[in-house]
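**Q** Structure file protein.cif (mmCIF, C-alpha atoms) right here:
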data_start
loop_
_atom_site.group_PDB
_atom_site.id
_atom_site.type_symbol
_atom_site.label_atom_id
_atom_site.label_comp_id
_atom_site.auth_asym_id
_atom_site.auth_seq_id
_atom_site.Cartn_x
_atom_site.Cartn_y
_atom_site.Cartn_z
ATOM 1 C CA MET L 633 26.852 21.768 -15.576
ATOM 2 C CA ALA L 634 24.344 20.332 -17.992
ATOM 3 C CA ILE L 635 23.882 16.635 -18.630
ATOM 4 C CA ASP L 636 21.284 16.183 -21.337
ATOM 5 C CA VAL L 637 20.475 12.577 -22.258
ATOM 6 C CA ARG L 638 17.575 11.738 -24.532
ATOM 7 C CA LEU L 639 16.062 8.998 -26.622
ATOM 8 C CA LEU L 640 14.488 10.486 -29.724
ATOM 9 C CA THR L 641 11.699 8.822 -31.672
ATOM 10 C CA ALA L 642 11.799 11.065 -34.758
ATOM 11 C CA PRO L 643 14.521 12.326 -37.141
ATOM 12 C CA PHE L 644 16.586 15.127 -35.581
ATOM 13 C CA ASP L 645 19.023 17.854 -36.560
ATOM 14 C CA PRO L 646 22.143 17.500 -34.376
ATOM 15 C CA GLY L 647 23.040 21.163 -34.879
ATOM 16 C CA ALA L 648 19.756 22.218 -33.321
ATOM 17 C CA PHE L 649 20.892 20.525 -30.089
ATOM 18 C CA VAL L 650 24.639 21.229 -30.163
ATOM 19 C CA GLY L 651 24.218 24.988 -30.675
ATOM 20 C CA PRO L 652 22.131 25.567 -27.538
ATOM 21 C CA PHE L 653 24.319 23.093 -25.631
ATOM 22 C CA ALA L 654 27.418 25.169 -26.472
ATOM 23 C CA ASN L 655 25.647 28.400 -25.518
ATOM 24 C CA ALA L 656 24.718 26.908 -22.145
ATOM 25 C CA HIS L 657 28.410 26.633 -21.206
ATOM 26 C CA PRO L 658 29.998 30.083 -21.285
ATOM 27 C CA GLY L 659 33.707 29.953 -20.503
ATOM 28 C CA LEU L 660 34.230 26.512 -21.975
ATOM 29 C CA GLY L 661 37.546 25.682 -23.596
ATOM 30 C CA GLY L 662 36.269 23.293 -26.203
ATOM 31 C CA ILE L 663 33.432 21.174 -27.457
ATOM 32 C CA CYS L 664 33.842 17.860 -29.211
ATOM 33 C CA THR L 665 30.858 16.479 -31.094
ATOM 34 C CA PHE L 666 30.347 13.140 -32.779
ATOM 35 C CA VAL L 667 27.357 12.444 -35.007
ATOM 36 C CA GLY L 668 26.730 8.925 -36.233
ATOM 37 C CA GLU L 669 24.473 8.300 -39.202
ATOM 38 C CA VAL L 670 22.886 5.205 -40.660
ATOM 39 C CA ARG L 671 25.396 4.025 -43.235
ATOM 40 C CA ASP L 672 24.229 3.861 -46.816
ATOM 41 C CA ASP L 673 26.110 0.810 -48.023
ATOM 42 C CA GLY L 674 23.582 -0.121 -50.623
ATOM 43 C CA GLY L 675 21.994 -3.176 -49.086
ATOM 44 C CA VAL L 676 20.194 -1.771 -46.078
ATOM 45 C CA ALA L 677 16.865 -0.065 -46.707
ATOM 46 C CA ALA L 678 15.983 0.618 -43.065
ATOM 47 C CA LEU L 679 17.148 0.108 -39.517
ATOM 48 C CA GLU L 680 14.928 -0.389 -36.499
ATOM 49 C CA LEU L 681 16.118 0.270 -32.959
ATOM 50 C CA THR L 682 14.189 -1.079 -30.011
ATOM 51 C CA HIS L 683 14.761 0.022 -26.433
ATOM 52 C CA TYR L 684 13.448 -1.076 -23.046
ATOM 53 C CA GLU L 685 12.163 1.906 -21.160
ATOM 54 C CA PRO L 686 13.200 0.915 -17.587
ATOM 55 C CA LEU L 687 16.803 0.221 -18.608
ATOM 56 C CA THR L 688 17.855 2.111 -21.711
ATOM 57 C CA LEU L 689 17.627 5.732 -20.648
ATOM 58 C CA PRO L 690 18.814 5.120 -17.051
ATOM 59 C CA GLY L 691 21.785 3.190 -18.492
ATOM 60 C CA MET L 692 22.641 6.092 -20.800
ATOM 61 C CA ARG L 693 22.360 8.546 -17.897
ATOM 62 C CA ALA L 694 24.746 6.436 -15.811
ATOM 63 C CA LEU L 695 27.203 6.390 -18.715
ATOM 64 C CA ALA L 696 26.919 10.172 -19.087
ATOM 65 C CA ASP L 697 27.565 10.654 -15.361
ATOM 66 C CA ALA L 698 30.618 8.393 -15.546
ATOM 67 C CA ALA L 699 32.008 10.337 -18.521
ATOM 68 C CA VAL L 700 31.479 13.681 -16.792
ATOM 69 C CA ARG L 701 33.308 12.507 -13.665
ATOM 70 C CA ARG L 702 36.113 10.749 -15.493
ATOM 71 C CA PHE L 703 36.922 13.564 -17.930
ATOM 72 C CA ASP L 704 36.025 16.509 -15.708
ATOM 73 C CA LEU L 705 33.449 17.815 -18.167
ATOM 74 C CA MET L 706 31.431 20.990 -17.965
ATOM 75 C CA GLY L 707 28.564 19.325 -19.776
ATOM 76 C CA LEU L 708 27.559 16.358 -21.864
ATOM 77 C CA LEU L 709 24.890 15.952 -24.521
ATOM 78 C CA MET L 710 23.906 12.399 -25.461
ATOM 79 C CA LEU L 711 21.139 11.794 -27.996
ATOM 80 C CA HIS L 712 20.131 8.454 -29.462
ATOM 81 C CA ARG L 713 17.436 7.619 -31.965
ATOM 82 C CA VAL L 714 15.054 4.722 -31.539
ATOM 83 C CA GLY L 715 12.374 3.503 -33.925
ATOM 84 C CA LEU L 716 12.629 3.226 -37.687
ATOM 85 C CA LEU L 717 15.584 4.921 -39.390
ATOM 86 C CA ARG L 718 16.672 5.244 -42.992
ATOM 87 C CA PRO L 719 20.209 5.535 -44.447
ATOM 88 C CA GLY L 720 21.615 9.023 -44.035
ATOM 89 C CA GLU L 721 19.636 9.822 -40.900
ATOM 90 C CA PRO L 722 21.519 10.744 -37.715
ATOM 91 C CA ILE L 723 21.287 7.912 -35.192
ATOM 92 C CA VAL L 724 23.495 9.187 -32.372
ATOM 93 C CA CYS L 725 24.974 12.494 -31.261
ATOM 94 C CA VAL L 726 27.386 12.967 -28.366
ATOM 95 C CA ALA L 727 28.865 16.357 -27.498
ATOM 96 C CA ALA L 728 31.162 17.085 -24.574
ATOM 97 C CA ALA L 729 32.098 20.509 -23.240
ATOM 98 C CA ALA L 730 35.252 20.934 -21.186
ATOM 99 C CA LEU L 731 37.875 23.465 -20.216
ATOM 100 C CA HIS L 732 40.486 21.622 -22.253
ATOM 101 C CA ARG L 733 40.309 19.735 -25.528
ATOM 102 C CA ARG L 734 41.659 16.397 -24.309
ATOM 103 C CA GLY L 735 38.821 15.823 -21.870
ATOM 104 C CA ALA L 736 36.185 16.723 -24.440
ATOM 105 C CA ILE L 737 37.648 14.512 -27.168
ATOM 106 C CA ASP L 738 38.277 11.529 -24.882
ATOM 107 C CA ALA L 739 34.845 11.798 -23.279
ATOM 108 C CA VAL L 740 33.112 11.506 -26.651
ATOM 109 C CA ASP L 741 35.306 8.548 -27.638
ATOM 110 C CA PHE L 742 34.598 6.893 -24.263
ATOM 111 C CA ALA L 743 30.856 7.508 -24.491
ATOM 112 C CA MET L 744 30.631 6.178 -28.055
ATOM 113 C CA ASP L 745 32.625 3.029 -27.272
ATOM 114 C CA HIS L 746 30.308 2.275 -24.366
ATOM 115 C CA LEU L 747 27.134 3.122 -26.253
ATOM 116 C CA LYS L 748 28.154 0.810 -29.103
ATOM 117 C CA SER L 749 28.687 -2.210 -26.885
ATOM 118 C CA GLN L 750 26.621 -1.630 -23.746
ATOM 119 C CA ALA L 751 23.524 0.439 -24.441
ATOM 120 C CA TRP L 752 20.273 -1.468 -23.966
ATOM 121 C CA LEU L 753 19.364 -1.254 -27.623
ATOM 122 C CA TRP L 754 18.434 -3.936 -30.106
ATOM 123 C CA LYS L 755 18.837 -3.349 -33.783
ATOM 124 C CA ARG L 756 17.575 -5.029 -36.891
ATOM 125 C CA GLU L 757 18.059 -4.072 -40.503
ATOM 126 C CA ARG L 758 15.911 -4.597 -43.533
ATOM 127 C CA THR L 759 17.549 -5.750 -46.750
ATOM 128 C CA ALA L 760 16.093 -7.268 -49.905
ATOM 129 C CA ALA L 761 16.108 -10.595 -48.028
ATOM 130 C CA GLY L 762 13.957 -9.263 -45.191
ATOM 131 C CA TRP L 763 14.655 -8.252 -41.594
ATOM 132 C CA ARG L 764 17.865 -9.386 -39.919
ATOM 133 C CA TRP L 765 18.896 -8.870 -36.260
ATOM 134 C CA VAL L 766 22.239 -7.170 -35.819
ATOM 135 C CA GLU L 767 24.651 -9.037 -33.560
ATOM 136 C CA PRO L 768 27.219 -7.369 -31.319
ATOM 137 C CA ARG L 769 30.628 -7.207 -33.019
ATOM 138 C CA ALA L 770 33.918 -8.287 -31.443
ATOM 139 C CA GLU L 771 35.420 -4.896 -32.372
ATOM 140 C CA ASP L 772 32.786 -3.136 -30.303
ATOM 141 C CA PHE L 773 33.810 -5.034 -27.176
ATOM 142 C CA ALA L 774 37.508 -4.497 -27.944
ATOM 143 C CA ASP L 775 36.874 -0.753 -28.346
ATOM 144 C CA LYS L 776 35.183 -0.598 -24.962
ATOM 145 C CA ALA L 777 37.948 -2.632 -23.323
ATOM 146 C CA ARG L 778 40.451 0.090 -24.279
ATOM 147 C CA TRP L 779 39.048 2.139 -21.407
ATOM 148 C CA ASP L 780 39.056 -0.539 -18.724
ATOM 149 C CA PHE L 781 42.684 -0.566 -17.620
ATOM 150 C CA ARG L 782 42.876 3.204 -17.624
ATOM 151 C CA ALA L 783 40.431 3.219 -14.747
ATOM 152 C CA LEU L 784 43.209 1.747 -12.607
ATOM 153 C CA THR L 785 45.812 4.377 -13.401
ATOM 154 C CA MET K 1493 2.055 -10.763 -15.159
ATOM 155 C CA ARG K 1494 3.433 -9.012 -18.215
ATOM 156 C CA VAL K 1495 6.310 -10.610 -20.101
ATOM 157 C CA LEU K 1496 8.352 -8.770 -22.721
ATOM 158 C CA PHE K 1497 10.603 -10.278 -25.371
ATOM 159 C CA LEU K 1498 13.293 -7.924 -26.640
ATOM 160 C CA GLY K 1499 15.318 -8.135 -29.819
ATOM 161 C CA ARG K 1500 15.474 -11.455 -31.612
ATOM 162 C CA LEU K 1501 13.510 -13.131 -28.792
ATOM 163 C CA GLN K 1502 10.376 -11.572 -30.255
ATOM 164 C CA ASP K 1503 10.846 -13.900 -33.225
ATOM 165 C CA ALA K 1504 11.171 -16.926 -30.926
ATOM 166 C CA ALA K 1505 8.070 -15.860 -28.976
ATOM 167 C CA GLY K 1506 6.118 -14.778 -32.036
ATOM 168 C CA CYS K 1507 5.174 -11.564 -30.237
ATOM 169 C CA VAL K 1508 6.676 -8.654 -28.320
ATOM 170 C CA GLU K 1509 4.748 -9.223 -25.118
ATOM 171 C CA ARG K 1510 2.456 -11.694 -23.415
ATOM 172 C CA GLU K 1511 0.194 -11.567 -20.419
ATOM 173 C CA VAL K 1512 0.608 -14.733 -18.344
ATOM 174 C CA LEU K 1513 -0.606 -16.099 -15.010
ATOM 175 C CA ALA K 1514 1.577 -15.215 -12.024
ATOM 176 C CA GLN K 1515 4.571 -17.489 -11.454
ATOM 177 C CA PRO K 1516 6.791 -17.788 -8.353
ATOM 178 C CA SER K 1517 10.105 -17.557 -10.201
ATOM 179 C CA VAL K 1518 11.727 -16.813 -13.537
ATOM 180 C CA ALA K 1519 12.568 -20.519 -13.892
ATOM 181 C CA ALA K 1520 8.908 -21.481 -13.414
ATOM 182 C CA LEU K 1521 7.842 -18.818 -15.878
ATOM 183 C CA ILE K 1522 10.237 -20.136 -18.524
ATOM 184 C CA ALA K 1523 9.155 -23.737 -17.879
ATOM 185 C CA GLY K 1524 5.599 -22.757 -18.790
ATOM 186 C CA PHE K 1525 6.513 -21.619 -22.303
ATOM 187 C CA GLU K 1526 6.727 -23.721 -25.469
ATOM 188 C CA PRO K 1527 9.905 -25.871 -25.495
ATOM 189 C CA GLU K 1528 11.639 -23.940 -28.318
ATOM 190 C CA LEU K 1529 10.993 -20.595 -26.671
ATOM 191 C CA ALA K 1530 12.027 -21.923 -23.253
ATOM 192 C CA GLU K 1531 15.298 -23.141 -24.723
ATOM 193 C CA ALA K 1532 15.974 -19.749 -26.316
ATOM 194 C CA LEU K 1533 15.255 -17.988 -23.009
ATOM 195 C CA ARG K 1534 17.616 -20.273 -21.060
ATOM 196 C CA SER K 1535 20.603 -19.208 -23.197
ATOM 197 C CA ASP K 1536 23.612 -17.829 -21.277
ATOM 198 C CA LYS K 1537 23.336 -14.725 -23.429
ATOM 199 C CA VAL K 1538 19.831 -13.890 -22.273
ATOM 200 C CA ARG K 1539 19.473 -11.705 -19.210
ATOM 201 C CA VAL K 1540 16.274 -11.187 -17.288
ATOM 202 C CA ALA K 1541 14.947 -7.991 -15.751
ATOM 203 C CA VAL K 1542 12.127 -7.978 -13.223
ATOM 204 C CA ASN K 1543 10.532 -4.562 -12.880
ATOM 205 C CA GLY K 1544 13.655 -3.067 -14.420
ATOM 206 C CA VAL K 1545 16.107 -4.884 -12.112
ATOM 207 C CA VAL K 1546 18.504 -7.070 -14.091
ATOM 208 C CA GLY K 1547 19.280 -10.464 -12.608
ATOM 209 C CA ALA K 1548 16.281 -10.806 -10.272
ATOM 210 C CA THR K 1549 14.852 -14.340 -10.096
ATOM 211 C CA ALA K 1550 11.851 -14.220 -7.699
ATOM 212 C CA LEU K 1551 8.494 -13.102 -9.049
ATOM 213 C CA ALA K 1552 5.305 -11.701 -7.578
ATOM 214 C CA ASP K 1553 1.922 -11.046 -9.098
ATOM 215 C CA GLY K 1554 1.912 -7.893 -11.187
ATOM 216 C CA ASP K 1555 5.634 -7.987 -11.969
ATOM 217 C CA GLU K 1556 6.919 -7.065 -15.387
ATOM 218 C CA VAL K 1557 9.493 -9.543 -16.682
ATOM 219 C CA ALA K 1558 11.712 -8.666 -19.634
ATOM 220 C CA PHE K 1559 13.912 -11.169 -21.466
ATOM 221 C CA LEU K 1560 16.955 -9.363 -22.839
ATOM 222 C CA PRO K 1561 19.152 -10.987 -25.487
ATOM 223 C CA ALA K 1562 22.659 -9.648 -26.182
ATOM 224 C CA VAL K 1563 22.374 -5.990 -27.101
ATOM 225 C CA SER K 1564 23.250 -4.797 -30.594
ATOM 226 C CA GLY K 1565 24.536 -1.528 -29.190
ATOM 227 C CA GLY K 1566 23.900 1.955 -30.468
#
In structure tokens, write the structure found in this file.

**A**
Amino acid sequence: MAIDVRLLTAPFDPGAFVGPFANAHPGLGGICTFVGEVRDDGGVAALELTHYEPLTLPGMRALADAAVRRFDLMGLLMLHRVGLLRPGEPIVCVAAAALHRRGAIDAVDFAMDHLKSQAWLWKRERTAAGWRWVEPRAEDFADKARWDFRALT
Amino acid sequence: MRVLFLGRLQDAAGCVEREVLAQPSVAALIAGFEPELAEALRSDKVRVAVNGVVGATALADGDEVAFLPAVSGG
């Protein structure tokens, strides 16, 4: 069992992490990996992510532990960038290893929905008009809520 | 004590952190700030962490207080 959760301060190559992660779990049935990148929609020149040391990484570790328990994972890799990012750069990478595909796929979906709405991260983007703080979106909370009732079943 | 302003609160405070004289409570700490900043910090959407514990209200000398606006998420 490997739970590897990190905040990264410099650009990273997801494959360089996912490869060794897969190799660390002989006998696995499947790995699901999601990589999120900074969207290049024309207007945004840069994105800056701020974290708060005492909360952000511990919060991500707790989320990783919850995903491992809930989806019976063999391992979970959770990487998130902080600092200054440019369009096209990877910002997040979550990979789950499990005996069966469903657990791996659902665990990544679960982890991403919670990261998007709950992680102790603050984001601002720079456009031609200057810096602008990014507000939480209603869809992000709705995505996370999809998982709430399932906890009861 | 050290006070940190996360996210958009750094704009309201005009800085990311301040060193202030010890205060007995979060409420007293906020009351000592400029009115506009104090108002921003009293928002329902702002949470407070004392030495990394969210929701604490009592303060002691040497504590680190962080004001946390709604997160943007990852």

**Q** May I have the residues at most 8 Å from (34.7, 12.5, -25.5) in the file's coordinates, counting all atoms listed in the file, as an MDAnalysis selection string?

**A** chainID L and resid 664:665 699 703 726:728 735:744

**Q** Using the chain letters and numbering of this document, enumerate as a list of chain:residue names the residues selected by the PyMOL selection byres ((chain K) within 8 of (chain L)).

**A**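 When the PyMOL selection byres ((chain K) within 8 of (chain L)) is applied to the shown file, the picked residues are K:Leu1498, K:Gly1499, K:Arg1500, K:Asn1543, K:Gly1544, K:Ala1562, K:Val1563, K:Ser1564, K:Gly1565, K:Gly1566.
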
**Q** Since we have the selection now, will you write its residues out, keeping C-alpha atoms, as a short mmCIF file (atom, residue, chain, number, x, y, z; two decimals), in the coordinates of the input?

**A**
data_model
loop_
_atom_site.label_atom_id
_atom_site.label_comp_id
_atom_site.auth_asym_id
_atom_site.auth_seq_id
_atom_site.Cartn_x
_atom_site.Cartn_y
_atom_site.Cartn_z
CA LEU K 1498 13.29 -7.92 -26.64
CA GLY K 1499 15.32 -8.14 -29.82
CA ARG K 1500 15.47 -11.46 -31.61
CA ASN K 1543 10.53 -4.56 -12.88
CA GLY K 1544 13.66 -3.07 -14.42
CA ALA K 1562 22.66 -9.65 -26.18
CA VAL K 1563 22.37 -5.99 -27.10
CA SER K 1564 23.25 -4.80 -30.59
CA GLY K 1565 24.54 -1.53 -29.19
CA GLY K 1566 23.90 1.96 -30.47
#

**Q** Between atom CA of Leu1513 of chain K and atom CA of Asp1553 of chain K, measure the distance and give it in Å to one decimal.

**A**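 Going from atom CA of Leu1513 of chain K over to atom CA of Asp1553 of chain K, I get 8.2 Å.
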
**Q** At a cut-off of 12 Å, using all atoms listed in the file, what residues contact Phe1559 of chain K? Leave out same-chain residues fewer than 5 positions from it and give the result as a PyMOL selection string.

**A** (chain L and resi 684+752) or (chain K and resi 1494-1502+1504-1505+1508-1510+1518+1521-1522+1529-1530+1532-1549)

**Q** In Å, how far is it from atom CA of Asn655 of chain L to atom CA of Val667 of chain L?

**A**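 Separation of atom CA of Asn655 of chain L and atom CA of Val667 of chain L: 18.6 Å.
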
**Q** Please compute the atom CA of Ala678 of chain L-atom CA of Ala760 of chain L distance, one decimal, in Å.

**A** 10.4 Å

**Q** Would you write out, as a PyMOL selection string, every residue that the PyMOL selection byres ((chain L and resi 669) around 12) captures in this file?

**A** (chain L and resi 643-646+666-668+670-673+679+712-713+717-725) or (chain K and resi 1566)
